[in-house]
Every structure is written in structure tokens, then in C-alpha cells.
Amino acid sequence: MSAVRAIVLTGFGINCEEEMAAAYRLAGAEADIVHLNDVFLEKVRLDDYHVLNFPGGFSFGDDLGSGKVLSNKLHYRRLASGRRFLDEIERFLGDGKYILGICNGFQALVKMGLLPNTSGTGTQEVSLTHNDSGHFEDRWVRAKVTGDGRCPFLSGLDLIDLPVRHGEGKLVIATPEVREQILAERLNCLTYVGQDHAPTAEYPQNPNGSALACAGLCDPTGQILGMMPHPEAYLSLYNHPDWGRKRRLDPDLSEDGEGLLFFKNIVTHIKETES
Amino acid sequence: MAHRVSRIQVLHKRPGTPDVMGLQVERDAERLLGRPPGPVRSGKIYTILPTLTPAQLDEFATRGLSDSVTQEAYADRLHVDPDFPYYLLVSKLPGVTDDEGISAQRTLCDMFSLQFDTTQQIFSSDLFLFSTPLSDQEFERLGFESLANPLIHHLEHGQFRGRVEYWPEVRIEADLTNEAVSLELGDEELLALSRERVLSLNLAEMKAVRDYYRRPSVRQQRQAMGLPANPLDTELEIFAQTWSEHCKHKEFRALISYEDTATGEVVEIDSLFDTFIRGATREVAQSLDAAGSNRLLKVFSDNAGVVRIDSERVFVFKVETHNSPSALDPYGGAITGILGNNRDPLGTGRGGGRLLFNTNVLCFGSPNHDKPLLSNQLHPARVFEGVQKGIEDGGNKSGVPTVNGAIIFDERYAGKPLVYCGTGSIMPASYHGLNSWDKEIAPGDRILMAGGRVGKDGIHGATFSSLEIDRHSPKSAVQIGSPITQKLMSDFLEQACAMGIIKCSTDNGAGGLSSSVGELALLSGGAEVHLERVPLKYSGLKPWEIFVSESQERMTLVVTPDQVDAVMALARDREVEITDIGRFTDSGHLSVLFDGEVVAHLELEMLHEGVPQKRMRARFEQPALAEPVLTEAPGAPRGLDLGECWLSLMEALNICSREWVIRRYDHEVKGKTVVKPLMGRRGLAPQDAAVMRLDHHSYRGVAISNGICPRYGDLDAYEMSAGAFDEAVRQIVSVGGRVPSMERADNPFWSACDNFCLPDSEYDPAGNPDGMLKLAKLVQICRALYDMSTFFKIPMTSGKDSMKNDFRADGVKISVPPTILYSMVAEIEDVRRAVTSDFKAPGDIIYLMGETYDELGASELYRLFDTLGANVPKVRKEQALDLYRRMEQLTSRGLLQSSHDLSDGGLAVALAECTFGTELGFEIALGETLPPHVQLFSESHSRFVVSVAPGDSAAFETVAGTRAVRLGTTSATPKAIVSFDGGHIALATQDLLARWNGGLERGRDK
């Protein structure tokens, strides 16, 4: 097949587009950073890509709640031709393609109802709200992959250190039924863990007080992944706060960061399934 | 007639998850009121001016403004919760930036395919519902001491009856008259006029302006144009803005007579700036030229300094201060400081660079300040929290990592804090074959204003920053930044510059259009601006107010006539407001019109060259100083307990952990930060300089550092300045940087910014009797800058001075100590060779590099005993450079496992900090040359504590030679063990860490 192509959205305060695009390029894909309005103006077509990415940032300054204004825009806006953007997304997913939302992108996907979408109706079922600490925090946490393998971004991953950088990352689940659905299908595919590698409610290992110690969710198809930690900020070993000691302990350690694996996974998966 | 407004109320859902915002207010209320107020329920009220149908309003409330999982929404009938019958509503005052309202407006447009302009039509307020009644005084106290500032907020409170009264409607009586003001006045009257109009011009300057209007040529031309002979008010305002200290740096360009009573030296200095700062860079540039490695492209002549990275890219760097606004409203002052400083690199040369990092250095009064507050003085703890939050929002919401900084506490910053904001950016070296750093303008080029709208914000900001803060400070000096407005604009500008459709750009900061257009006009030889085209936040501004307004998030763009349509089209696609407000000319004049009427017509040469040179006097007298005998100090009745001193130092305000501040700044967005402020397995070890990669595909990078040590200035201003310079250099050397060598052509680039913050240094027998001494200290600071810069061949590329950092109220003056900050950036050839401060493995050998002297003067140890001493740490340049060369060899050969520079608290504190990354300890033995307390706590400059793998020690010692002393080894036991002749200290590293971690927390709780 021809190259795997990733579209990385930007504009309106999104600010992790550069490292997100770098992640795909380092993983062997082509990546285009595209302003959201250029999608609405149909200067760029989603159909030309395999993976649609909503990077982190502070879209609309987190006003009205993080990701909220962006999610409204994505929900309501029509393209220049009059078609709804939402219908474009539906078709994109119908074609078996993938969506990744990180941090602010995850918040927007949740508020649009695309995650976890246990009902299949695109109704909002969970939210991401203020950390228990009440403020923004940048710190590295340890996450464990707890999904059932349906999400190809996570193939072969188990424990991974990643930075979180948010003020509103606490998962709140609307009803006990949704919670049961999430657990039954193991859609809570990424989980904050403590020293013992078990899910934890303890601060700061669980940095925000998330329900289920949840750090990331996928939808029932496994095509959409949203997560609060930033794999695109760990593309290099030298992003890790303890890289000096890690390298001392293992002089032959790979210079790739473990966050790059998410992107290598999806690129490999698309190549394999398309060929 | 009252406008019918709609209201939407959003409340935190109950029962539900904990109401984090409500809980915060509960805690604040308990702290401030001394009793628990009971549960608090948080929410918002939106006031909506556009008329919507009931169905639209309902959908806007439930889908647009609220989150169905965590919130409840009520459209037009406000909900009264019987469990929470009392309310406190915090709204903005008229004209204050309300981003949340604007975002609500944008979402409304998206929802119903509406089109609004960007004037504010939806207003947001924070609502807090209380379960128990508070008195009016209690509501006001909670409101104004925790949630709001009377300069920018309006409070409404009491029993909630489902109605709110207020919305921030702007009402201004439009007065567009263009008044002529006579300057044919006596001296006293001229000064009175300057004061009344807040012009901040002195008598000589007022007379210079008057004499301009007396010139026959000027009179003739004004008559021919039908202009009055006397200055128009807009013209006076333009003079005041252009000639402000902020814009013309009159004290740094003054003719100073300097006398040193100790040495008998008497000398005249014609401009500190030309003599010592530009003079140093000129000399360094010549040296670098001779060595074949001059990478300076643009220094001191644009918004930021520019140096070459490689053939493709240039590095742009600027640091400045935002002190006075931060004293009035710490949050607003800091956020506008960050965003304003960001616009400097964005608007350097042609513009459009991509911001790489922010760095911030902050000076506050003690958070434990326990003196009664003066009128209009905010408690230092409140200033600290507000500034911290402003930096958080300014950096995080712009997607710029805040990679390092410093916080200094000293009681003399309790009146005016110092808020230094630094930003580095990377700009393509050329746009379509043209050097990116050039600014060229031809007559006929259009003037476009991009970004935010203009209101009364910050009028007289440029002149105000040159004044002491007093009760007459104009309220409009307070502004709140809008990171989202600026982010949209900077994204647009980067793209537009890359397309080659922008000729050049500049920031609209202090002085607004008057400053940006007035300075750009020099490049073509004139400009003509039509103020009625400038988009306003609300109507009723006078022409001069439009011209000097400092409304934020604006830039002035220069565009050739044939590209205007392309620029406008891109701006429309990117939702950035942009307006063509005039053109550049070669008339030799700055012409300003409103509705076709000339409101200002001034000779550019007079405006920019006509300000009379200031004359000032500096006189230095050596203070009487003595070293204390510590065992006789009041704090040490039992003699000197070194272990206890060590622990106390760890929690000293100037040493203890800044973790809670650091973690609120995103220091790794963009994924390029290699040495972060805190490192190690536990993420707790503080680092010397930050290290960043420049991109994701190579390992080339930069190190970023800050040197500042104001308290040494109490002993010796020269050594304070030299020490701060050395601190910035050695931090970069510590992480692996290389000082320029005249023997090599492959030198890394360096870019340094000097930032002076001074108390009023103009002698006045009544108001400022020690003004001559303060000015003498400034001269000494500048001399050290020159000596250090030319010696190390490290060029100053940009800088800033802030002159009158005094706070006056109730007959008391609080003046900052003369303070200089050196911020430096140096190229790192390979970030993988960067060295971090934390010990890496047990059994490594610990060395001290550099020599320790009995230099405890103004040290943190002496401060524990409330004493100053005499022996200021001195910089020994030649020794330092020799050491730094050895360090370069060691880092380039990978022989260092860790390196940490020694500063506040000396060797003991540095060693303790090296253990915070992991659970390692160490065991060392001190030598016999100096008393142990001197060896442990002296703050002698140009030293490092390093660790070396045992197998590398022979190679290490060959390179380090006699400049390193073997102290001992790291150990797997988490203990800090120091033995010396006659005793030893054994402390648990956990205890050192706990004291270090707790220092600021204790301050905050008070």
C-alpha cells in the first residue's frame, strides 16, 4: 500500500500538533497538520487520511469547561458544501479508520459523545472535569494497558511512564449502567497504577481522582482512543525525567521513547490490514 | 431604555462528584473568615444580549454552555436551591476582558450558524451559592481577598432570589473634541500640566516640546494645514508616550557624573547603555568576528535579539519585566507580561517565529509578611499566587513550555514585585529568499492592525511604569490578557509570514499604536494613520486614547498593497480580526487623523531624537561592614550546630523546593524538553539550566539559564552583578554548555539578556536622599556587566530596564534593592550529552570543582542569624574560565554522571539536592583549610559538585587536575554523612528532603 497518512488537527488553541505530527513521522507515516477551518472549508478531505488526530492543548482557553467549545463546534458545524462534519466522522469510521484524541482532544471526544459511546448513539456518557487537586499539573505517571486488545494503538503495551499535563482530567461517569458497560467491555483501556502496578485512587499516582483510575477510554469498535497522558511527549528517551539514570543502568537502552510505540502500533496495524 | 438581557445559570450537579471549585471557596472562606462556611455550590451565570428564541436559549443552556454529566443548566429562570439560599456573584467590571463570554459567543455562532463581530455580547460571572448566611463584610472580604480584585471585578451578594442585577455595560460619554493645549506657561505650570495629564515629562522635556511649537517652520506648516499653533492633546500624548522612560530609556542614556569617595575617582559617563551594554556587545562581536564565529544577526535594534542557529533557522530571545501592573493585579499583570513578552519575538524582523520556551524569574516579599498592609498594598502571598496563576495561564494556554526560572524572596519586594518574563523562539532564516530578521518598509506600504480590539485598557501604561505606584494610579492601567486571542493571532502570523505575504511586523505593547507605528515610521520616513478605522471594544474613546491604548493581543503588520487581500483572506479563514488603518509615507511626519480631521502631525525627528539628555549624579560611599562571630549571634546560643543549620537552610525561603509552582507550568509541551526543572526517578531533583531540543529529528539544542543574586548588592553592587552573570554562565556549563573560545571557529551561539530593575535612582534631597548612592550602584552593576561580557565573550543581545520600582503609601516608601537578572541561552551541540544534577548510582566518586573561600557575606547562612557580614563572594574570572574549559572536556567525553552548580546555601545544599532524584546518600570528608561551616555554606562562585563513575575517575582527575577535590562517594544508604576535623554530621536524606519540600508550604499556610 501507499504510505499511512495521519491528519493532525490544529487551530483555536490546540497546541500539541507539532509533536503529534512528529510522532507519526517517526513511526513511518506521513502527517499533515491541518487547521480545523480548512477541513470545514473543504480545502482538505478527511477521506485522504487513515488516522484523524485531536491533539492536546487549550482549545478556546478551556472556557466553559475543557474541550467544550471545540466539541460544540465539531458537533454543530457544517462544511462549506452543507454536509455536517459529524457525518464526515461517521463515514470515516464506517470506512474502518481510526481516531486518536489526547488530553484536550480526549476531552472534546468525550463531550461530543464519541467516547465511550456504549449506547452507539453518540450521547455524552462520561465527562472529564476538574482534578481533585483543583489545579493544572505537569507530572509523570505510570499507566497500565487494561483493555482487551480491541484497540490497535495499544497492542503489545503493558506498563508505560507518561506525562500528564492537565487541570481537568478526572473521569466522571454519568450512571452506574454506563460504568458497568465500560467495565464489561473493558473500554477503560488505560489505567493509572501505583508502585504495585495495580489501579490506584492515590494522589499523585492517580493525578486527578479519575473514576476507575481511568487514564484512557476506547469505544466499543476499538477505532477511537482517547487518553489524558501524552504519548507524543515521550517520543525520545530524553523526554523521560530519569533518562540519565536509565541510561546508566542500561547503556544499550533504545533512544526511542516508549510513547512512540502507540504510533508505531497504529501505523503497523493500518499497513497490515490494508495490504 | 434598559436592554432586555437573557440569563443562563449553570450549576455543579448535586448530588454528584465533589464540587472542586466550591470546595476551594469553602477552604478560602474558612481561612479568611475564621469559621467554616458550610458547603458551597459553584456555578456560572451568563448574561446574553442577542435575542434568542426560547428554544434556542434552552439548547444553548443545556447543550452549549453546560456539561450534562457534571452540571445542571437553567435558561432565563434562575434556580434557587433551598439548600444554598445565599450567593456571591463575581462579575467583571465594564470593559474588562471576559474570554469566557467571548467563547460562549463563538459557540453560540457555531450552534445556530450566526455571525457576530467580536464585540462582547455575552458576559460570564462566577456564582457561588452558600448554605449558611455570610454578612456583607464577610462576602466582601472573601470576594476581594480571594476571588476578585476591586480594580477589575464587581461583586453582588446576599440572599439569592433568582435574580441578578448587574451586567458590565460600558457607558462612556463620547467626547471626540480635539483639544489644543497651550504650553506658553511658567515652569511650575508646565510641571503641573505634566502631572495633571499624567504625561510624566520633566521640566526640560516640557520645555523641549514647547520650543518645538515655537519653531517658525513648525508654526508655518501648522498654519498652512489649518492646525492650531498650540499642541493638540493627541500630540502631547504622543510626546509623553514616545519620551517615556519605558520607551526612551532616558536614565540609561543620561549623562552621569560618577564619584567614588573611597577611591577618589570622578568620571563622566555619557550613556550607561552605549558605554557598557552596547559597548560590550560591540567588543564581543569584534572578538567573535576575529575568531570566525560571529553568529549575531541583530542586537538591541528590534523587539528581541537575533542570533544564527544554522543556515535554515535563527534564534530570537527577549526578557522583560511587568512589575507595576503585577503590583496592582498580580494575575492580570503576570499574564499580560507573558503574552506581551511573547509578542516581542513574534514581532521581530519580519515576524512569525515559533515560540520555543518561556522562562520566568519572580521577586516577592516574604509570603510570611506579618506587617500591617499599607493602602493599596497586596499581601506578598497574594501577589505570589496571582502571579503564579497568571504565568500558568499565559504559558500553558499558549502552548509554550515554561522550562525554568527562579523565585527570590526579600522584604523589599513587598511593595512592588518583580516579574521577569523571558521567551525564546525559532524563526526561519529566510522567507522567500529575504532575511527574516530584517525590517524594511517603503512609502505606500499599508499598516494593518491584527488581533484584539481597542478599549481604554492600559492607557498611560508606558508612562505609568515610569512612575511610583500611588493612590492616583489610573485604574485603566490594569488589564487581563487573553491567551486564546493571541494564540489565534500567532498561529495566523506564523502561516502568513511563511507564505511571504507579511513584509514585517511588530508588537503593540506599551504605548500601543503610537509606539508601534511611531517607531516603524522611522523605516520609511513617515506614516499616516486613520483612527476611526480601528475596531473598538466599545464606542466613546477619544482619538488620543485609541492611539495610545495598550489593549493587549495586538500586532501591527506591514503589508505591501498587492498583498493586502491575501492577508485579509487568510485572517478571515483563521478568525483573526484585522484592519487596514493607514499607510507608511516619506513625509518626515507622523500624521494621525480621525474622520478626516488631523489630530496629530509631528516631525519624526523631533519625536525620536528631540528628547533632551538627562543629567544625573552618582556618588559612592563604601558602607561600613564587618563579619559576625556566629557563635555569638542571638540565634546560636549553644554554638553552631552544623546539622541544624543545614536543615534550616533547606527550608529557607530562597532555597526550598518550588515544586508546587513548577508543576503548574507545562514544562514539556512540544516534547522537546530534555532537562526539566525537576528530574530523577522521583522527579524532585532541581536542575541548573533547562535543556531543550530544537526539533524532533536532531539532537541539537539549547540550554537556558538565569542568574540573579540581589542580596549580594547590599555588600557590593559590582560583585552582585558579576556574580549573577557567573551564575547564569555556570548553570549552562553545568549541564554541558561551552563558553566561546577565541581559538575555535566552531563556537556555540550564546544570547544573553540583561534586565535591570532599580529603585528610583534620581537624587532628590527630600524625596530620595540616597538617590546618588543608588545610581552609583547602577553604574557599578553596568561596569561588571561590561567586564564579564567582554571577558567571557558572551554577548548581550537584548534587554530591558525598569527604573522606578518604589511603592509609596501612607508616608512609607518600599524600594526594591537594585536588581539585575542575566538570562542566557547557549547552543548545546548534542543534548544527549547533557548532565543532570542528581546522583545516578551508589559508589560514584564525588568531587568539588572550583575553590571555596571564606565568602559568607550576605549568604543564606548569615540570613539565618539575621546578619549581613562583609565578605561578598567575588568572581575570579580567569580561574572560572579555566574551570569551565575543564568542565567542557569532561562533559564532551561523558565523564560526569552528575553536575550541580553551587549557589544559595553552598556545598551543603547542593549535595542534598543531588540526592533528591533517587534514594541515594553520600559520605564525604571535608579538608582542613577552612572551618567546616565555611566549607559547607560559603557561597563562593564558579563551583560545581560532580559525581564520576569509579572507572572514570583516573580520566576525570587528569582533566580536572588541581581544580577538583575528591570529597567522598555516593552510597546506597539514604544518609548524608560529612566528617571533618573534630566532628561529623549524619542526616537522613529524607529529613533534608522533607524540610526542603516544606519550606514554601509553610509560607503559604500562614
# chains A, B, ... in the order shown; residues from 1 in each chain; ligands from 1
call {"tool": "interface_residues", "arguments": {"of": "chain B", "to": "chain A", "cutoff": "7 Å", "atoms": "only C-alpha atoms", "output": "PyMOL selection string"}}
result
chain B and resi 20-21+64-65+69+100+103+107+110-111+397-399+484+487-488+573+663-666+669-671+673-674+679-681+683+696+840
call {"tool": "select_by_dssp", "arguments": {"residues": "stretch 734-848 of chain B", "states": "alpha helix (DSSP H)", "output": "PyMOL selection string"}}
result
chain B and resi 734-735+771-792
call {"tool": "residues_around", "arguments": {"residues": "stretch 261-270 of chain A", "least_positions_apart": "5", "cutoff": "8 Å", "atoms": "only C-alpha atoms", "output": "list in words"}}
result
Val4, Ala23, Tyr24, Ala27, Gly28, Ala29, His50, Pro152, Phe153, Leu154, Ser155, Leu157 and Pro231 of chain A
call {"tool": "atom_distance", "arguments": {"atom1": "atom CA of B:Pro330", "atom2": "atom CA of B:Ala304"}}
result
24.8 Å
call {"tool": "residues_around", "arguments": {"residues": "stretch 756-771 of chain B", "least_positions_apart": "5", "cutoff": "6 Å", "atoms": "only C-alpha atoms", "output": "list of chain:residue names"}}
result
B:Asp801, B:Ser802, B:Met803, B:Lys804, B:Asn805, B:Asp806, B:Ser815, B:Val816, B:Pro818, B:Thr819, B:Ile820
call {"tool": "atom_distance", "arguments": {"atom1": "atom CA of A:Met227", "atom2": "atom CA of A:Phe106"}}
result
5.7 Å
